[in-house]
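Below: target.txt (compact mmCIF, N, CA and C atoms)
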```txt
# COMPACT_ATOMS: atom_id res chain seq x y z
N MET A 266 98.97 79.40 86.41
CA MET A 266 97.54 79.14 86.53
C MET A 266 96.80 80.47 86.37
N THR A 267 95.80 80.48 85.54
CA THR A 267 95.02 81.69 85.31
C THR A 267 93.66 81.51 85.97
N GLY A 268 93.37 82.42 86.89
CA GLY A 268 92.09 82.39 87.58
C GLY A 268 91.19 83.51 87.10
N GLU A 269 90.04 83.60 87.67
CA GLU A 269 89.09 84.63 87.28
C GLU A 269 89.61 86.02 87.64
N HIS A 270 90.30 86.14 88.77
CA HIS A 270 90.76 87.45 89.23
C HIS A 270 92.27 87.59 89.24
N TYR A 271 93.00 86.49 89.41
CA TYR A 271 94.46 86.55 89.54
C TYR A 271 95.09 85.43 88.72
N SER A 272 96.34 85.67 88.36
CA SER A 272 97.12 84.64 87.67
C SER A 272 98.40 84.41 88.46
N ILE A 273 98.80 83.15 88.55
CA ILE A 273 100.03 82.79 89.25
C ILE A 273 100.82 81.87 88.32
N ARG A 274 102.01 82.32 87.94
CA ARG A 274 102.85 81.50 87.06
C ARG A 274 103.47 80.35 87.83
N GLY A 275 103.47 79.19 87.24
CA GLY A 275 104.14 78.03 87.80
C GLY A 275 103.33 77.27 88.85
N LEU A 276 102.13 77.70 89.15
CA LEU A 276 101.32 77.00 90.15
C LEU A 276 100.56 75.86 89.48
N HIS A 277 100.69 74.70 90.08
CA HIS A 277 99.95 73.53 89.61
C HIS A 277 99.19 72.97 90.79
N PRO A 278 97.87 73.00 90.74
CA PRO A 278 97.09 72.50 91.89
C PRO A 278 97.31 71.01 92.10
N GLY A 279 97.22 70.61 93.35
CA GLY A 279 97.35 69.20 93.70
C GLY A 279 96.09 68.45 93.38
N PRO A 280 96.05 67.18 93.77
CA PRO A 280 94.84 66.38 93.50
C PRO A 280 93.67 66.89 94.34
N PRO A 281 92.48 66.65 93.88
CA PRO A 281 91.32 67.05 94.68
C PRO A 281 91.27 66.24 95.98
N PRO A 282 90.66 66.78 97.02
CA PRO A 282 90.57 66.03 98.27
C PRO A 282 89.82 64.71 98.09
N ALA A 283 90.15 63.75 98.91
CA ALA A 283 89.52 62.43 98.84
C ALA A 283 88.08 62.44 99.34
N HIS A 284 87.73 63.46 100.10
CA HIS A 284 86.38 63.55 100.66
C HIS A 284 85.93 65.01 100.61
N PRO A 285 84.65 65.26 100.75
CA PRO A 285 84.18 66.65 100.73
C PRO A 285 84.79 67.45 101.90
N ILE A 286 85.09 68.70 101.66
CA ILE A 286 85.57 69.60 102.70
C ILE A 286 84.35 70.32 103.26
N GLU A 287 84.08 70.13 104.53
CA GLU A 287 82.90 70.72 105.15
C GLU A 287 83.24 72.02 105.87
N ILE A 288 82.23 72.85 106.01
CA ILE A 288 82.36 74.12 106.73
C ILE A 288 81.52 74.03 108.00
N TRP A 289 82.19 74.24 109.13
CA TRP A 289 81.54 74.19 110.44
C TRP A 289 81.74 75.54 111.11
N LEU A 290 80.69 76.08 111.69
CA LEU A 290 80.77 77.38 112.33
C LEU A 290 80.41 77.28 113.81
N GLY A 291 81.20 77.95 114.63
CA GLY A 291 80.93 78.04 116.07
C GLY A 291 80.52 79.46 116.40
N VAL A 292 79.30 79.80 116.06
CA VAL A 292 78.83 81.19 116.14
C VAL A 292 77.57 81.28 116.99
N GLY A 293 77.26 82.50 117.45
CA GLY A 293 76.08 82.66 118.28
C GLY A 293 75.23 83.88 118.00
N LYS A 294 75.69 84.77 117.15
CA LYS A 294 74.94 85.99 116.84
C LYS A 294 73.93 85.71 115.73
N PRO A 295 72.83 86.45 115.68
CA PRO A 295 71.75 86.16 114.73
C PRO A 295 72.17 86.04 113.27
N ARG A 296 72.96 86.99 112.77
CA ARG A 296 73.34 86.93 111.35
C ARG A 296 74.22 85.72 111.07
N ALA A 297 75.12 85.41 111.98
CA ALA A 297 76.01 84.26 111.78
C ALA A 297 75.23 82.95 111.89
N LEU A 298 74.24 82.90 112.76
CA LEU A 298 73.40 81.71 112.85
C LEU A 298 72.62 81.50 111.56
N ALA A 299 72.11 82.60 110.99
CA ALA A 299 71.40 82.50 109.72
C ALA A 299 72.34 82.03 108.61
N LEU A 300 73.57 82.51 108.62
CA LEU A 300 74.57 82.05 107.66
C LEU A 300 74.82 80.55 107.82
N THR A 301 74.89 80.11 109.06
CA THR A 301 75.06 78.68 109.34
C THR A 301 73.93 77.88 108.68
N GLY A 302 72.71 78.33 108.86
CA GLY A 302 71.57 77.64 108.27
C GLY A 302 71.60 77.63 106.76
N ARG A 303 72.05 78.73 106.17
CA ARG A 303 72.07 78.82 104.70
C ARG A 303 73.15 77.98 104.06
N VAL A 304 74.37 77.93 104.66
CA VAL A 304 75.47 77.34 103.91
C VAL A 304 76.35 76.35 104.67
N ALA A 305 76.33 76.34 105.99
CA ALA A 305 77.28 75.51 106.74
C ALA A 305 76.84 74.05 106.82
N ASP A 306 77.83 73.21 107.07
CA ASP A 306 77.57 71.78 107.25
C ASP A 306 77.34 71.43 108.71
N GLY A 307 77.81 72.29 109.61
CA GLY A 307 77.65 72.00 111.03
C GLY A 307 77.73 73.25 111.88
N TRP A 308 77.19 73.14 113.09
CA TRP A 308 77.22 74.21 114.07
C TRP A 308 77.91 73.67 115.32
N VAL A 309 78.91 74.40 115.83
CA VAL A 309 79.72 73.94 116.95
C VAL A 309 79.80 75.03 118.02
N PRO A 310 78.75 75.20 118.82
CA PRO A 310 78.82 76.17 119.91
C PRO A 310 79.50 75.55 121.13
N SER A 311 79.84 76.41 122.07
CA SER A 311 80.45 75.96 123.34
C SER A 311 79.52 76.30 124.49
N LEU A 312 79.45 75.39 125.43
CA LEU A 312 78.60 75.56 126.60
C LEU A 312 78.94 76.84 127.38
N SER A 313 80.18 77.29 127.30
CA SER A 313 80.59 78.48 128.03
C SER A 313 79.81 79.72 127.62
N TRP A 314 79.33 79.77 126.39
CA TRP A 314 78.55 80.93 125.94
C TRP A 314 77.18 80.56 125.37
N ALA A 315 77.02 79.35 124.90
CA ALA A 315 75.72 78.89 124.39
C ALA A 315 75.01 78.16 125.52
N LYS A 316 74.45 78.92 126.42
CA LYS A 316 73.77 78.34 127.58
C LYS A 316 72.53 77.57 127.12
N PRO A 317 72.20 76.47 127.82
CA PRO A 317 71.07 75.64 127.39
C PRO A 317 69.76 76.40 127.18
N ASP A 318 69.51 77.44 127.95
CA ASP A 318 68.26 78.18 127.77
C ASP A 318 68.27 79.04 126.50
N LEU A 319 69.45 79.32 125.94
CA LEU A 319 69.57 80.11 124.71
C LEU A 319 69.61 79.24 123.46
N VAL A 320 69.98 77.99 123.61
CA VAL A 320 70.19 77.11 122.45
C VAL A 320 68.93 76.94 121.60
N PRO A 321 67.74 76.73 122.15
CA PRO A 321 66.57 76.55 121.27
C PRO A 321 66.35 77.73 120.32
N GLN A 322 66.53 78.94 120.80
CA GLN A 322 66.36 80.11 119.95
C GLN A 322 67.44 80.14 118.85
N MET A 323 68.67 79.77 119.21
CA MET A 323 69.74 79.73 118.22
C MET A 323 69.47 78.66 117.17
N MET A 324 69.04 77.49 117.63
CA MET A 324 68.73 76.39 116.70
C MET A 324 67.59 76.79 115.76
N SER A 325 66.60 77.51 116.30
CA SER A 325 65.48 77.95 115.46
C SER A 325 65.94 78.87 114.35
N ARG A 326 66.85 79.78 114.68
CA ARG A 326 67.37 80.70 113.66
C ARG A 326 68.10 79.92 112.56
N ILE A 327 68.88 78.93 112.96
CA ILE A 327 69.58 78.08 111.98
C ILE A 327 68.57 77.34 111.11
N ASP A 328 67.58 76.72 111.75
CA ASP A 328 66.58 75.93 111.01
C ASP A 328 65.75 76.79 110.07
N GLU A 329 65.36 77.98 110.51
CA GLU A 329 64.57 78.88 109.66
C GLU A 329 65.38 79.31 108.43
N ALA A 330 66.64 79.63 108.64
CA ALA A 330 67.49 80.03 107.52
C ALA A 330 67.72 78.86 106.56
N ALA A 331 67.87 77.67 107.11
CA ALA A 331 68.05 76.49 106.26
C ALA A 331 66.80 76.27 105.41
N ALA A 332 65.65 76.33 106.03
CA ALA A 332 64.40 76.12 105.29
C ALA A 332 64.21 77.19 104.22
N ALA A 333 64.54 78.43 104.55
CA ALA A 333 64.41 79.52 103.58
C ALA A 333 65.36 79.32 102.39
N ALA A 334 66.48 78.66 102.63
CA ALA A 334 67.45 78.36 101.57
C ALA A 334 67.15 77.01 100.91
N GLU A 335 65.99 76.45 101.23
CA GLU A 335 65.57 75.16 100.69
C GLU A 335 66.53 74.04 101.03
N ARG A 336 67.04 74.10 102.26
CA ARG A 336 67.90 73.03 102.79
C ARG A 336 67.13 72.32 103.88
N ASN A 337 67.42 71.06 104.08
CA ASN A 337 66.82 70.30 105.17
C ASN A 337 67.62 70.62 106.44
N PRO A 338 67.01 71.24 107.45
CA PRO A 338 67.75 71.59 108.66
C PRO A 338 68.41 70.39 109.34
N SER A 339 67.84 69.20 109.17
CA SER A 339 68.43 68.02 109.82
C SER A 339 69.77 67.62 109.22
N GLU A 340 70.11 68.17 108.07
CA GLU A 340 71.41 67.88 107.45
C GLU A 340 72.55 68.67 108.09
N ILE A 341 72.23 69.64 108.92
CA ILE A 341 73.25 70.45 109.59
C ILE A 341 73.58 69.78 110.91
N ARG A 342 74.82 69.31 111.05
CA ARG A 342 75.26 68.64 112.28
C ARG A 342 75.30 69.64 113.43
N ARG A 343 75.03 69.16 114.63
CA ARG A 343 75.01 70.01 115.83
C ARG A 343 75.94 69.40 116.87
N ILE A 344 77.09 70.00 117.05
CA ILE A 344 78.10 69.50 117.99
C ILE A 344 78.22 70.50 119.13
N PHE A 345 78.26 70.00 120.36
CA PHE A 345 78.32 70.87 121.53
C PHE A 345 79.64 70.65 122.26
N ASN A 346 80.44 71.71 122.38
CA ASN A 346 81.65 71.68 123.19
C ASN A 346 81.23 71.82 124.65
N VAL A 347 81.54 70.82 125.46
CA VAL A 347 81.18 70.86 126.87
C VAL A 347 82.43 70.74 127.74
N SER A 348 82.40 71.42 128.87
CA SER A 348 83.53 71.33 129.79
C SER A 348 83.01 71.17 131.20
N GLY A 349 83.86 70.62 132.04
CA GLY A 349 83.49 70.40 133.43
C GLY A 349 84.40 69.35 134.04
N LYS A 350 83.93 68.79 135.14
CA LYS A 350 84.72 67.78 135.84
C LYS A 350 83.80 66.66 136.30
N ILE A 351 84.20 65.45 135.99
CA ILE A 351 83.50 64.26 136.47
C ILE A 351 84.11 63.96 137.83
N ALA A 352 83.30 64.12 138.87
CA ALA A 352 83.79 63.97 140.24
C ALA A 352 82.77 63.22 141.07
N ASP A 353 83.25 62.27 141.85
CA ASP A 353 82.35 61.54 142.74
C ASP A 353 81.89 62.48 143.85
N GLY A 354 80.71 62.20 144.35
CA GLY A 354 80.20 63.02 145.45
C GLY A 354 79.12 63.96 144.97
N ALA A 355 79.05 65.11 145.62
CA ALA A 355 77.98 66.06 145.38
C ALA A 355 78.14 66.78 144.03
N THR A 356 77.01 67.21 143.50
CA THR A 356 76.99 68.02 142.29
C THR A 356 77.40 69.44 142.66
N ASN A 357 78.25 70.02 141.82
CA ASN A 357 78.72 71.38 142.08
C ASN A 357 78.72 72.17 140.78
N GLY A 358 77.57 72.26 140.13
CA GLY A 358 77.46 72.99 138.88
C GLY A 358 76.84 72.13 137.79
N LEU A 359 76.62 72.75 136.63
CA LEU A 359 75.93 72.08 135.53
C LEU A 359 76.63 70.79 135.12
N LEU A 360 77.93 70.83 134.91
CA LEU A 360 78.69 69.63 134.55
C LEU A 360 79.90 69.50 135.47
N ASN A 361 79.61 69.43 136.74
CA ASN A 361 80.64 69.21 137.74
C ASN A 361 80.03 68.31 138.80
N GLY A 362 80.24 67.01 138.63
CA GLY A 362 79.64 66.05 139.53
C GLY A 362 79.83 64.64 139.04
N PRO A 363 79.08 63.72 139.61
CA PRO A 363 79.25 62.29 139.30
C PRO A 363 78.81 61.94 137.88
N PRO A 364 79.23 60.77 137.42
CA PRO A 364 78.86 60.35 136.06
C PRO A 364 77.36 60.42 135.78
N GLU A 365 76.54 60.12 136.79
CA GLU A 365 75.08 60.15 136.58
C GLU A 365 74.61 61.55 136.17
N LEU A 366 75.22 62.58 136.76
CA LEU A 366 74.89 63.96 136.40
C LEU A 366 75.25 64.20 134.92
N TRP A 367 76.43 63.79 134.53
CA TRP A 367 76.88 63.95 133.15
C TRP A 367 75.97 63.21 132.19
N ILE A 368 75.64 61.99 132.52
CA ILE A 368 74.79 61.17 131.64
C ILE A 368 73.44 61.83 131.43
N GLY A 369 72.80 62.23 132.52
CA GLY A 369 71.50 62.88 132.40
C GLY A 369 71.56 64.19 131.65
N THR A 370 72.57 64.99 131.93
CA THR A 370 72.70 66.29 131.27
C THR A 370 72.97 66.14 129.78
N LEU A 371 73.89 65.26 129.42
CA LEU A 371 74.20 65.08 128.00
C LEU A 371 73.02 64.47 127.25
N ARG A 372 72.29 63.57 127.88
CA ARG A 372 71.08 63.03 127.25
C ARG A 372 70.08 64.15 126.99
N ASN A 373 69.92 65.05 127.97
CA ASN A 373 69.02 66.19 127.78
C ASN A 373 69.50 67.08 126.64
N PHE A 374 70.81 67.33 126.59
CA PHE A 374 71.35 68.14 125.50
C PHE A 374 71.08 67.49 124.15
N ALA A 375 71.13 66.17 124.10
CA ALA A 375 70.88 65.46 122.84
C ALA A 375 69.39 65.46 122.50
N PHE A 376 68.57 65.00 123.43
CA PHE A 376 67.15 64.81 123.13
C PHE A 376 66.34 66.10 123.19
N ASP A 377 66.62 66.96 124.15
CA ASP A 377 65.83 68.18 124.31
C ASP A 377 66.36 69.33 123.45
N LEU A 378 67.68 69.42 123.32
CA LEU A 378 68.25 70.54 122.56
C LEU A 378 68.61 70.18 121.12
N GLY A 379 68.84 68.91 120.83
CA GLY A 379 69.09 68.49 119.45
C GLY A 379 70.54 68.34 119.05
N PHE A 380 71.45 68.23 120.02
CA PHE A 380 72.86 68.02 119.67
C PHE A 380 73.08 66.55 119.34
N ASP A 381 73.91 66.29 118.33
CA ASP A 381 74.17 64.90 117.94
C ASP A 381 75.58 64.43 118.31
N THR A 382 76.43 65.35 118.76
CA THR A 382 77.81 65.00 119.11
C THR A 382 78.28 65.93 120.21
N PHE A 383 79.19 65.43 121.04
CA PHE A 383 79.77 66.24 122.11
C PHE A 383 81.29 66.18 122.03
N VAL A 384 81.92 67.33 122.28
CA VAL A 384 83.37 67.41 122.41
C VAL A 384 83.63 67.78 123.86
N PHE A 385 84.40 66.94 124.55
CA PHE A 385 84.65 67.11 125.99
C PHE A 385 85.96 67.83 126.23
N TRP A 386 85.90 68.90 127.01
CA TRP A 386 87.06 69.68 127.43
C TRP A 386 87.13 69.60 128.94
N PRO A 387 87.95 68.72 129.49
CA PRO A 387 88.02 68.60 130.95
C PRO A 387 88.60 69.85 131.60
N ASP A 388 88.06 70.20 132.77
CA ASP A 388 88.55 71.37 133.51
C ASP A 388 89.93 71.14 134.09
N ASP A 389 90.22 69.92 134.51
CA ASP A 389 91.55 69.59 135.01
C ASP A 389 91.75 68.08 134.90
N GLU A 390 92.91 67.59 135.26
CA GLU A 390 93.25 66.16 135.17
C GLU A 390 92.81 65.56 133.83
N PRO A 391 93.32 66.07 132.71
CA PRO A 391 92.78 65.65 131.41
C PRO A 391 92.82 64.15 131.15
N LEU A 392 93.87 63.46 131.52
CA LEU A 392 93.92 62.02 131.22
C LEU A 392 92.91 61.24 132.06
N VAL A 393 92.83 61.56 133.34
CA VAL A 393 91.87 60.89 134.22
C VAL A 393 90.45 61.21 133.78
N GLN A 394 90.19 62.48 133.48
CA GLN A 394 88.85 62.89 133.07
C GLN A 394 88.45 62.26 131.74
N LEU A 395 89.35 62.23 130.80
CA LEU A 395 89.04 61.63 129.51
C LEU A 395 88.74 60.15 129.65
N GLN A 396 89.50 59.45 130.49
CA GLN A 396 89.24 58.03 130.71
C GLN A 396 87.86 57.83 131.35
N ARG A 397 87.55 58.64 132.35
CA ARG A 397 86.23 58.51 132.99
C ARG A 397 85.12 58.82 132.00
N PHE A 398 85.30 59.85 131.20
CA PHE A 398 84.30 60.22 130.22
C PHE A 398 84.07 59.07 129.24
N ALA A 399 85.16 58.50 128.73
CA ALA A 399 85.07 57.42 127.75
C ALA A 399 84.47 56.14 128.33
N GLU A 400 84.81 55.83 129.58
CA GLU A 400 84.37 54.56 130.17
C GLU A 400 83.05 54.64 130.92
N GLU A 401 82.78 55.77 131.57
CA GLU A 401 81.61 55.85 132.44
C GLU A 401 80.45 56.65 131.86
N VAL A 402 80.74 57.64 131.03
CA VAL A 402 79.70 58.52 130.53
C VAL A 402 79.25 58.14 129.12
N VAL A 403 80.18 58.04 128.20
CA VAL A 403 79.85 57.82 126.80
C VAL A 403 78.96 56.59 126.58
N PRO A 404 79.31 55.41 127.12
CA PRO A 404 78.44 54.25 126.85
C PRO A 404 77.01 54.45 127.33
N ALA A 405 76.83 55.11 128.46
CA ALA A 405 75.48 55.31 128.99
C ALA A 405 74.71 56.35 128.17
N VAL A 406 75.39 57.37 127.68
CA VAL A 406 74.69 58.38 126.86
C VAL A 406 74.29 57.76 125.53
N ARG A 407 75.15 56.95 124.97
CA ARG A 407 74.83 56.28 123.70
C ARG A 407 73.73 55.26 123.85
N GLY A 408 73.70 54.58 125.02
CA GLY A 408 72.76 53.49 125.26
C GLY A 408 71.37 53.93 125.28
```

Once more with this new file: its structure as C-alpha cells, please.
Amino acid sequence: MTGEHYSIRGLHPGPPPAHPIEIWLGVGKPRALALTGRVADGWVPSLSWAKPDLVPQMMSRIDEAAAAAERNPSEIRRIFNVSGKIADGATNGLLNGPPELWIGTLRNFAFDLGFDTFVFWPDDEPLVQLQRFAEEVVPAVRG
C-alpha cells in the first residue's frame, strides 16, 4: 500500500467501518475545550474534576469554538461521568444519598448544565449500586 508519507508492502486495508467513527474528548483545559468545539463529536468530562460551577464556562468555550468553526454546538454530545453512592438516609455529599438526591442532581446537570447522558461509576458495591441506579434513578431522571 502506498500512502502519502509511507509505503507498506503487502498491506491490504479491511472493509470500511459499518458506522461513522466518532471522536470524544474528556478534557478541561481551554485549548483542548476549543479543540473539542472545532472537531470533536462529544465531550466527556468527569465530576471529579469538572465541578458543576466550572462546567458552564467550559461549555461556553466549546460552543464558541464550534460556532467559530461554523458548527452547530448542539451537535456535540455532552456526557458526564458521575460517581457516588445511592444510600438511604441522610445526604452526605453531592452524589452520596437517597435516590431523590440523585434524581434532582442529575436533572439539574441535564437541564441547567446541558448534559445529555450520564455514565455512573459507583463508589462501592457495584452490582447493588448499578441495580439501584437503573431501577430507582434512571426512570425518574428520564421521566

For the structure I just gave you, how does DSSP split region 272-395 of chain A - specifically, which residues are helix (DSSP H, G or I)? Reply as a PyMOL selection string. chain A and resi 295-304+320-333+338-340+364-378+391-395

Quick one: of A:Arg407, A:Arg343, A:Arg274, A:Lys294, who's nearest to Phe380 (chain A), counting only N, CA and C atoms?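 Closest residue, counting only N, CA and C atoms: A:Arg343.
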
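Between CA of Asp377 (chain A) and CA of Gly302 (chain A) the separation is 19.5 Å.
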
Quick one: residues within 6.5 Å of Val292 (chain A), all atoms listed in the file counted, chain neighbours fewer than 2 positions away excluded, as a PDB file with N, CA and C atoms, in the frame of the given file?
```pdb
ATOM      1  N   LEU A 290      80.690  76.080 111.690  1.00  0.00           N
ATOM      2  CA  LEU A 290      80.770  77.380 112.330  1.00  0.00           C
ATOM      3  C   LEU A 290      80.410  77.280 113.810  1.00  0.00           C
ATOM      4  N   LYS A 294      75.690  84.770 117.150  1.00  0.00           N
ATOM      5  CA  LYS A 294      74.940  85.990 116.840  1.00  0.00           C
ATOM      6  C   LYS A 294      73.930  85.710 115.730  1.00  0.00           C
ATOM      7  N   ALA A 297      75.120  85.410 111.980  1.00  0.00           N
ATOM      8  CA  ALA A 297      76.010  84.260 111.780  1.00  0.00           C
ATOM      9  C   ALA A 297      75.230  82.950 111.890  1.00  0.00           C
ATOM     10  N   LEU A 298      74.240  82.900 112.760  1.00  0.00           N
ATOM     11  CA  LEU A 298      73.400  81.710 112.850  1.00  0.00           C
ATOM     12  C   LEU A 298      72.620  81.500 111.560  1.00  0.00           C
ATOM     13  N   TRP A 308      77.190  73.140 113.090  1.00  0.00           N
ATOM     14  CA  TRP A 308      77.220  74.210 114.070  1.00  0.00           C
ATOM     15  C   TRP A 308      77.910  73.670 115.320  1.00  0.00           C
ATOM     16  N   VAL A 309      78.910  74.400 115.830  1.00  0.00           N
ATOM     17  CA  VAL A 309      79.720  73.940 116.950  1.00  0.00           C
ATOM     18  C   VAL A 309      79.800  75.030 118.020  1.00  0.00           C
ATOM     19  N   PRO A 310      78.750  75.200 118.820  1.00  0.00           N
ATOM     20  CA  PRO A 310      78.820  76.170 119.910  1.00  0.00           C
ATOM     21  C   PRO A 310      79.500  75.550 121.130  1.00  0.00           C
TER      22      PRO A 310
END
```

Would you list the contacts of Leu359 (chain A) as an NGL selection string, taking every protein, DNA or RNA residue within 9 Å and counting only C-alpha atoms, but skipping same-chain residues closer than 4 positions in sequence? :A and (349 or 366-367 or 370)

Which residue out of A:Gln394, A:Val347, A:Gly354, A:Gln322 has the minimum interatomic distance to Leu371 (chain A) when only C-alpha atoms are used?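 When distances to Leu371 (chain A) are compared using only C-alpha atoms, the smallest one comes from A:Val347.
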
Go through chain A and collect every residue that DSSP, computed from the backbone, puts in strand (DSSP E or B); the answer should be as a ChimeraX atom specification. /A:267,272,289-290,307-308,311,342-351,361-362,382-387

Shortest interatomic distance to Pro391 (chain A) - which of A:Ile351, A:Val320, A:Ile286, A:Pro363, counting only C-alpha atoms: A:Ile351

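Between atom N of Phe383 (chain A) and atom C of Ala331 (chain A) lies a distance of 22.7 Å.
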
Quote the spacing between atom C of Glu269 (chain A) and CA of Asp306 (chain A) in Å to one decimal place.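 Distance between the two atoms: 27.1 Å.
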
Skip Phe385 (chain A) itself and residues of its chain fewer than 5 positions away, then list as a ChimeraX atom specification all residues within 8 Å of it, counting only C-alpha atoms. /A:346-348,395

Name the residues in contact with Ala330 (chain A) at a cut-off of 6 Å, using only N, CA and C atoms, excluding same-chain residues fewer than 5 positions from it; report them as a list in words. Ala299, Gly302, Arg303 and Ser325 of chain A
